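Q: File name data04.cif; file contents mmCIF, C-alpha atoms; full text below.
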data_coords
#
loop_
_atom_site.label_atom_id
_atom_site.label_comp_id
_atom_site.auth_asym_id
_atom_site.auth_seq_id
_atom_site.Cartn_x
_atom_site.Cartn_y
_atom_site.Cartn_z
CA MET T 21 3.15 37.02 -73.26
CA LEU T 22 1.69 34.05 -71.40
CA ARG T 23 3.24 32.80 -68.17
CA PHE T 24 2.50 29.27 -66.97
CA GLU T 25 2.40 28.52 -63.25
CA LEU T 26 2.09 25.27 -61.34
CA ASP T 27 -0.96 26.26 -59.32
CA ASP T 28 -2.18 25.40 -55.81
CA LEU T 29 -5.86 26.07 -56.68
CA THR T 30 -6.41 28.69 -53.97
CA ARG T 31 -6.62 31.96 -55.89
CA PRO T 32 -10.18 33.28 -56.31
CA ALA T 33 -9.83 33.72 -60.09
CA VAL T 34 -8.72 30.10 -60.48
CA VAL T 35 -11.52 28.80 -58.25
CA ALA T 36 -14.06 30.83 -60.26
CA LEU T 37 -12.71 29.50 -63.58
CA LEU T 38 -13.00 25.92 -62.38
CA GLU T 39 -16.49 26.48 -61.01
CA GLU T 40 -17.49 27.91 -64.41
CA HIS T 41 -15.87 24.89 -66.08
CA LEU T 42 -17.86 22.42 -63.97
CA ALA T 43 -21.09 24.35 -64.51
CA ASP T 44 -20.58 24.26 -68.29
CA MET T 45 -19.80 20.54 -68.21
CA TYR T 46 -23.02 19.77 -66.35
CA ALA T 47 -25.00 22.12 -68.63
CA SER T 48 -23.58 20.45 -71.75
CA SER T 49 -23.61 16.75 -70.83
CA PRO T 50 -25.73 14.36 -68.79
CA ALA T 51 -24.38 14.05 -65.24
CA GLU T 52 -23.24 10.46 -65.78
CA SER T 53 -21.09 11.63 -68.71
CA VAL T 54 -19.32 14.47 -66.88
CA HIS T 55 -15.72 13.53 -66.11
CA ALA T 56 -14.45 16.98 -65.08
CA LEU T 57 -12.64 17.09 -61.74
CA ASP T 58 -13.63 19.39 -58.90
CA LEU T 59 -11.13 21.35 -56.78
CA ASP T 60 -10.55 18.55 -54.29
CA ALA T 61 -9.95 15.99 -57.03
CA LEU T 62 -7.52 18.35 -58.79
CA ARG T 63 -5.51 18.61 -55.55
CA ALA T 64 -5.00 14.83 -55.39
CA PRO T 65 -1.55 13.28 -55.62
CA GLY T 66 -0.55 12.51 -59.18
CA ILE T 67 -2.21 15.61 -60.65
CA ALA T 68 -0.25 18.69 -61.69
CA PHE T 69 -2.52 21.70 -62.30
CA TRP T 70 -1.25 24.63 -64.37
CA THR T 71 -2.63 28.11 -65.02
CA ALA T 72 -1.82 30.54 -67.81
CA TRP T 73 -1.48 34.23 -66.97
CA GLU T 74 -1.10 37.39 -69.03
CA GLY T 75 0.22 39.94 -66.57
CA GLU T 76 -2.13 39.61 -63.60
CA GLU T 77 -5.01 38.23 -65.68
CA LEU T 78 -5.86 34.53 -65.61
CA ARG T 79 -6.27 33.25 -69.17
CA GLY T 80 -6.59 29.48 -68.83
CA SER T 81 -5.92 26.24 -67.05
CA GLY T 82 -5.00 22.63 -67.65
CA ALA T 83 -3.88 19.60 -65.70
CA LEU T 84 -1.90 16.42 -66.17
CA LYS T 85 -3.03 13.33 -64.30
CA THR T 86 -0.41 10.61 -64.11
CA LEU T 87 -1.99 7.27 -65.01
CA ASP T 88 1.22 5.27 -64.84
CA GLY T 89 4.87 5.86 -65.68
CA ALA T 90 4.22 6.01 -69.41
CA ARG T 91 0.78 7.65 -69.67
CA VAL T 92 -0.81 10.92 -68.63
CA GLU T 93 -4.34 12.22 -69.01
CA LEU T 94 -5.16 15.83 -69.83
CA LYS T 95 -7.80 17.30 -67.52
CA SER T 96 -9.44 20.69 -66.88
CA MET T 97 -8.42 22.36 -70.12
CA ARG T 98 -10.19 25.72 -70.00
CA THR T 99 -9.73 29.26 -71.25
CA THR T 100 -11.41 32.35 -69.88
CA PRO T 101 -14.13 33.84 -72.10
CA GLY T 102 -11.94 36.84 -72.97
CA ALA T 103 -9.05 34.60 -74.01
CA ARG T 104 -10.97 32.36 -76.41
CA GLY T 105 -9.81 32.46 -80.00
CA ARG T 106 -6.45 33.99 -79.02
CA GLY T 107 -4.31 30.85 -78.96
CA VAL T 108 -4.37 30.38 -75.18
CA GLY T 109 -5.78 26.85 -75.42
CA ALA T 110 -3.13 25.84 -77.96
CA ALA T 111 -0.39 27.38 -75.81
CA MET T 112 -1.66 25.54 -72.71
CA LEU T 113 -1.84 22.29 -74.66
CA ASP T 114 1.74 22.79 -75.88
CA HIS T 115 2.85 23.49 -72.32
CA LEU T 116 1.12 20.39 -70.93
CA LEU T 117 2.54 18.16 -73.65
CA ALA T 118 6.04 19.53 -73.02
CA GLU T 119 5.59 18.81 -69.30
CA ALA T 120 4.36 15.30 -70.08
CA ARG T 121 7.46 14.66 -72.19
CA ARG T 122 9.68 16.17 -69.49
CA VAL T 123 8.41 13.68 -66.91
CA GLY T 124 8.89 10.78 -69.31
CA ALA T 125 5.33 10.11 -70.45
CA ARG T 126 5.07 8.34 -73.78
CA THR T 127 1.32 8.77 -74.34
CA ALA T 128 -1.14 11.58 -73.60
CA LEU T 129 -4.81 10.61 -73.32
CA LEU T 130 -8.00 12.61 -72.89
CA GLU T 131 -11.75 12.45 -72.77
CA THR T 132 -13.87 15.27 -74.15
CA GLY T 133 -17.49 15.67 -75.06
CA SER T 134 -19.10 14.65 -78.34
CA GLN T 135 -21.61 17.53 -78.36
CA ASP T 136 -21.25 20.67 -80.50
CA PHE T 137 -20.14 22.64 -77.40
CA PHE T 138 -16.90 20.61 -77.43
CA ALA T 139 -16.18 20.91 -81.17
CA PRO T 140 -13.53 23.65 -80.72
CA ALA T 141 -11.71 21.47 -78.17
CA ARG T 142 -11.80 18.44 -80.48
CA ARG T 143 -10.40 20.56 -83.34
CA LEU T 144 -7.61 21.82 -81.07
CA TYR T 145 -6.64 18.27 -80.10
CA GLU T 146 -6.84 17.03 -83.69
CA ARG T 147 -4.56 19.86 -84.88
CA ALA T 148 -2.05 18.78 -82.22
CA GLY T 149 -2.08 15.23 -83.61
CA PHE T 150 -4.47 13.49 -81.22
CA VAL T 151 -6.47 10.63 -82.73
CA VAL T 152 -9.74 9.09 -81.61
CA ARG T 153 -9.44 5.81 -79.72
CA GLU T 154 -11.49 3.48 -77.53
CA PRO T 155 -12.14 4.29 -73.85
CA PHE T 156 -9.16 3.86 -71.55
CA ASP T 157 -8.72 2.85 -67.91
CA ASP T 158 -12.04 3.25 -66.01
CA TYR T 159 -13.90 5.01 -68.82
CA VAL T 160 -16.63 3.13 -70.69
CA GLU T 161 -18.13 3.56 -74.13
CA ASP T 162 -20.43 6.61 -73.99
CA PRO T 163 -22.14 8.43 -76.88
CA ASN T 164 -21.44 11.70 -75.03
CA SER T 165 -17.68 11.13 -74.89
CA VAL T 166 -14.82 11.17 -77.37
CA PHE T 167 -11.56 9.54 -76.27
CA MET T 168 -8.28 10.61 -77.85
CA GLU T 169 -4.58 9.85 -77.61
CA LEU T 170 -1.26 11.23 -78.78
CA ALA T 171 2.04 9.36 -78.90
CA LEU T 172 4.67 11.59 -77.32
CA ASP T 173 7.80 9.80 -78.53
#
Could you take the file, read its structure, and then write that structure out as structure tokens?
A:
Amino acid sequence: MLRFELDDLTRPAVVALLEEHLADMYASSPAESVHALDLDALRAPGIAFWTAWEGEELRGSGALKTLDGARVELKSMRTTPGARGRGVGAAMLDHLLAEARRVGARTALLETGSQDFFAPARRLYERAGFVVREPFDDYVEDPNSVFMELALD
């Protein structure tokens, strides 16, 4: 049974997961196309960072960045290698979307990669009802990025 915790980003397992996440992002995309947040950025006001645990084992992470009163952006969606293919990503996505609705967001947005490495993430988002859209806020058109949105109401 997964347990979701609002996280302060200090536990070694969480730090290691996020370091792995950033390393994979830079290994999979050109530096100018990497939009993953580091630990300091994830601690900024307006970002709620969640972890998923099974007993004492970290299984995944995800964050909601408030863009304005009606929109949130999903950030730092990641599962541990041992948790992949076990529904942890879908459970985290469900949790984040429920949190977004709870705080009154009407739209969830995200940016993910266009490369094959990101295909499982794109499929997860599509199954949840996300649709491809144009870049939002400070993002610009980029062949290495796919922008998606989901209406929450």
Q: Which residue is closest to Gly89 (chain T)? Choose from T:Arg121, T:Ala47, T:Leu42, T:Ser134 and count all atoms listed in the file.
A: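 Among the listed residues, T:Arg121 lies closest to Gly89 (chain T).
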Q: May I ask which of the residues T:Leu38, T:Ala118, T:Ala68, T:Leu130 is the closest one to Glu146 (chain T), counting all atoms listed in the file?
A: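 Residue with the minimum atom-to-atom distance to Glu146 (chain T): T:Leu130.
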Q: From the set T:Asp88, T:Gly66, T:Val166, T:Asp114, which residue has the shortest atom-to-atom contact distance to Gly133 (chain T), counting only C-alpha atoms?
A: T:Val166
Q: Taking the file as shown, what set of residues would the PyMOL selection byres ((chain T and resi 145) around 10) give back, as a list in words?
A: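 Applying the expression gives Gly109, Ala110, Leu113, Leu130, Thr132, Ala139, Pro140, Ala141, Arg142, Arg143, Leu144, Glu146, Arg147, Ala148, Gly149, Phe150, Val151, Val152, Met168, Glu169 and Leu170 of chain T.
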Q: Neighbouring residues of region 99-108 of chain T were defined as those with any atom within 8 Å, considering all atoms listed in the file; residues of the same chain fewer than 6 positions away were excluded. Please report them as a list in words.
A: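 Counting all atoms listed in the file, the residues come to Leu37, Ala72, Leu78, Arg79, Gly80 and Ser81 of chain T.
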Q: Just checking: using all atoms listed in the file, which residue out of T:Arg63, T:Lys95, T:Arg153, T:Lys85 ends up closest to Asp28 (chain T)?
A: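 Looking only at the distances to Asp28 (chain T), the closest residue turns out to be T:Arg63.
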Q: Can region 25-54 of chain T be brought up to N, CA and C atoms and written out as a PDB file, keeping the file's coordinate frame?
A:
ATOM      1  N   GLU T  25       2.058  28.744 -64.647  1.00  0.00           N
ATOM      2  CA  GLU T  25       2.400  28.520 -63.250  1.00  0.00           C
ATOM      3  C   GLU T  25       1.801  27.203 -62.770  1.00  0.00           C
ATOM      4  N   LEU T  26       2.608  26.421 -62.056  1.00  0.00           N
ATOM      5  CA  LEU T  26       2.090  25.270 -61.340  1.00  0.00           C
ATOM      6  C   LEU T  26       1.264  25.854 -60.206  1.00  0.00           C
ATOM      7  N   ASP T  27      -0.014  25.522 -60.154  1.00  0.00           N
ATOM      8  CA  ASP T  27      -0.960  26.260 -59.320  1.00  0.00           C
ATOM      9  C   ASP T  27      -1.428  25.427 -58.128  1.00  0.00           C
ATOM     10  N   ASP T  28      -1.695  26.094 -57.007  1.00  0.00           N
ATOM     11  CA  ASP T  28      -2.180  25.400 -55.810  1.00  0.00           C
ATOM     12  C   ASP T  28      -3.707  25.467 -55.669  1.00  0.00           C
ATOM     13  N   LEU T  29      -4.390  26.030 -56.651  1.00  0.00           N
ATOM     14  CA  LEU T  29      -5.860  26.070 -56.680  1.00  0.00           C
ATOM     15  C   LEU T  29      -6.480  26.813 -55.519  1.00  0.00           C
ATOM     16  N   THR T  30      -5.848  27.901 -55.075  1.00  0.00           N
ATOM     17  CA  THR T  30      -6.410  28.690 -53.970  1.00  0.00           C
ATOM     18  C   THR T  30      -6.816  30.096 -54.387  1.00  0.00           C
ATOM     19  N   ARG T  31      -6.301  30.588 -55.491  1.00  0.00           N
ATOM     20  CA  ARG T  31      -6.620  31.960 -55.890  1.00  0.00           C
ATOM     21  C   ARG T  31      -8.066  32.068 -56.355  1.00  0.00           C
ATOM     22  N   PRO T  32      -8.763  33.130 -55.946  1.00  0.00           N
ATOM     23  CA  PRO T  32     -10.180  33.280 -56.310  1.00  0.00           C
ATOM     24  C   PRO T  32     -10.448  33.197 -57.808  1.00  0.00           C
ATOM     25  N   ALA T  33      -9.596  33.764 -58.643  1.00  0.00           N
ATOM     26  CA  ALA T  33      -9.830  33.720 -60.090  1.00  0.00           C
ATOM     27  C   ALA T  33      -9.757  32.292 -60.616  1.00  0.00           C
ATOM     28  N   VAL T  34      -8.870  31.491 -60.062  1.00  0.00           N
ATOM     29  CA  VAL T  34      -8.720  30.100 -60.480  1.00  0.00           C
ATOM     30  C   VAL T  34      -9.931  29.292 -60.015  1.00  0.00           C
ATOM     31  N   VAL T  35     -10.342  29.489 -58.780  1.00  0.00           N
ATOM     32  CA  VAL T  35     -11.520  28.800 -58.250  1.00  0.00           C
ATOM     33  C   VAL T  35     -12.747  29.146 -59.106  1.00  0.00           C
ATOM     34  N   ALA T  36     -12.914  30.407 -59.444  1.00  0.00           N
ATOM     35  CA  ALA T  36     -14.060  30.830 -60.260  1.00  0.00           C
ATOM     36  C   ALA T  36     -14.015  30.187 -61.648  1.00  0.00           C
ATOM     37  N   LEU T  37     -12.835  30.124 -62.266  1.00  0.00           N
ATOM     38  CA  LEU T  37     -12.710  29.500 -63.580  1.00  0.00           C
ATOM     39  C   LEU T  37     -13.104  28.035 -63.525  1.00  0.00           C
ATOM     40  N   LEU T  38     -12.666  27.337 -62.495  1.00  0.00           N
ATOM     41  CA  LEU T  38     -13.000  25.920 -62.380  1.00  0.00           C
ATOM     42  C   LEU T  38     -14.462  25.701 -62.044  1.00  0.00           C
ATOM     43  N   GLU T  39     -15.058  26.583 -61.272  1.00  0.00           N
ATOM     44  CA  GLU T  39     -16.490  26.480 -61.010  1.00  0.00           C
ATOM     45  C   GLU T  39     -17.291  26.701 -62.295  1.00  0.00           C
ATOM     46  N   GLU T  40     -16.852  27.669 -63.110  1.00  0.00           N
ATOM     47  CA  GLU T  40     -17.490  27.910 -64.410  1.00  0.00           C
ATOM     48  C   GLU T  40     -17.335  26.680 -65.302  1.00  0.00           C
ATOM     49  N   HIS T  41     -16.142  26.087 -65.287  1.00  0.00           N
ATOM     50  CA  HIS T  41     -15.870  24.890 -66.080  1.00  0.00           C
ATOM     51  C   HIS T  41     -16.828  23.763 -65.707  1.00  0.00           C
ATOM     52  N   LEU T  42     -16.959  23.479 -64.415  1.00  0.00           N
ATOM     53  CA  LEU T  42     -17.860  22.420 -63.970  1.00  0.00           C
ATOM     54  C   LEU T  42     -19.311  22.726 -64.339  1.00  0.00           C
ATOM     55  N   ALA T  43     -19.720  23.965 -64.167  1.00  0.00           N
ATOM     56  CA  ALA T  43     -21.090  24.350 -64.510  1.00  0.00           C
ATOM     57  C   ALA T  43     -21.356  24.116 -65.999  1.00  0.00           C
ATOM     58  N   ASP T  44     -20.410  24.491 -66.851  1.00  0.00           N
ATOM     59  CA  ASP T  44     -20.580  24.260 -68.290  1.00  0.00           C
ATOM     60  C   ASP T  44     -20.615  22.774 -68.619  1.00  0.00           C
ATOM     61  N   MET T  45     -19.803  21.983 -67.935  1.00  0.00           N
ATOM     62  CA  MET T  45     -19.800  20.540 -68.210  1.00  0.00           C
ATOM     63  C   MET T  45     -21.157  19.934 -67.870  1.00  0.00           C
ATOM     64  N   TYR T  46     -21.723  20.313 -66.735  1.00  0.00           N
ATOM     65  CA  TYR T  46     -23.020  19.770 -66.350  1.00  0.00           C
ATOM     66  C   TYR T  46     -24.161  20.342 -67.201  1.00  0.00           C
ATOM     67  N   ALA T  47     -23.979  21.534 -67.745  1.00  0.00           N
ATOM     68  CA  ALA T  47     -25.000  22.120 -68.630  1.00  0.00           C
ATOM     69  C   ALA T  47     -24.937  21.506 -70.031  1.00  0.00           C
ATOM     70  N   SER T  48     -23.784  20.945 -70.396  1.00  0.00           N
ATOM     71  CA  SER T  48     -23.580  20.450 -71.750  1.00  0.00           C
ATOM     72  C   SER T  48     -23.696  18.938 -71.890  1.00  0.00           C
ATOM     73  N   SER T  49     -23.623  18.214 -70.788  1.00  0.00           N
ATOM     74  CA  SER T  49     -23.610  16.750 -70.830  1.00  0.00           C
ATOM     75  C   SER T  49     -24.481  16.196 -69.702  1.00  0.00           C
ATOM     76  N   PRO T  50     -25.024  15.005 -69.899  1.00  0.00           N
ATOM     77  CA  PRO T  50     -25.730  14.360 -68.790  1.00  0.00           C
ATOM     78  C   PRO T  50     -24.757  14.116 -67.634  1.00  0.00           C
ATOM     79  N   ALA T  51     -25.237  14.172 -66.428  1.00  0.00           N
ATOM     80  CA  ALA T  51     -24.380  14.050 -65.240  1.00  0.00           C
ATOM     81  C   ALA T  51     -23.502  12.815 -65.283  1.00  0.00           C
ATOM     82  N   GLU T  52     -24.035  11.695 -65.752  1.00  0.00           N
ATOM     83  CA  GLU T  52     -23.240  10.460 -65.780  1.00  0.00           C
ATOM     84  C   GLU T  52     -22.110  10.502 -66.807  1.00  0.00           C
ATOM     85  N   SER T  53     -22.137  11.489 -67.691  1.00  0.00           N
ATOM     86  CA  SER T  53     -21.090  11.630 -68.710  1.00  0.00           C
ATOM     87  C   SER T  53     -20.121  12.758 -68.413  1.00  0.00           C
ATOM     88  N   VAL T  54     -20.239  13.388 -67.259  1.00  0.00           N
ATOM     89  CA  VAL T  54     -19.320  14.470 -66.880  1.00  0.00           C
ATOM     90  C   VAL T  54     -18.130  13.864 -66.142  1.00  0.00           C
TER      91      VAL T  54
END
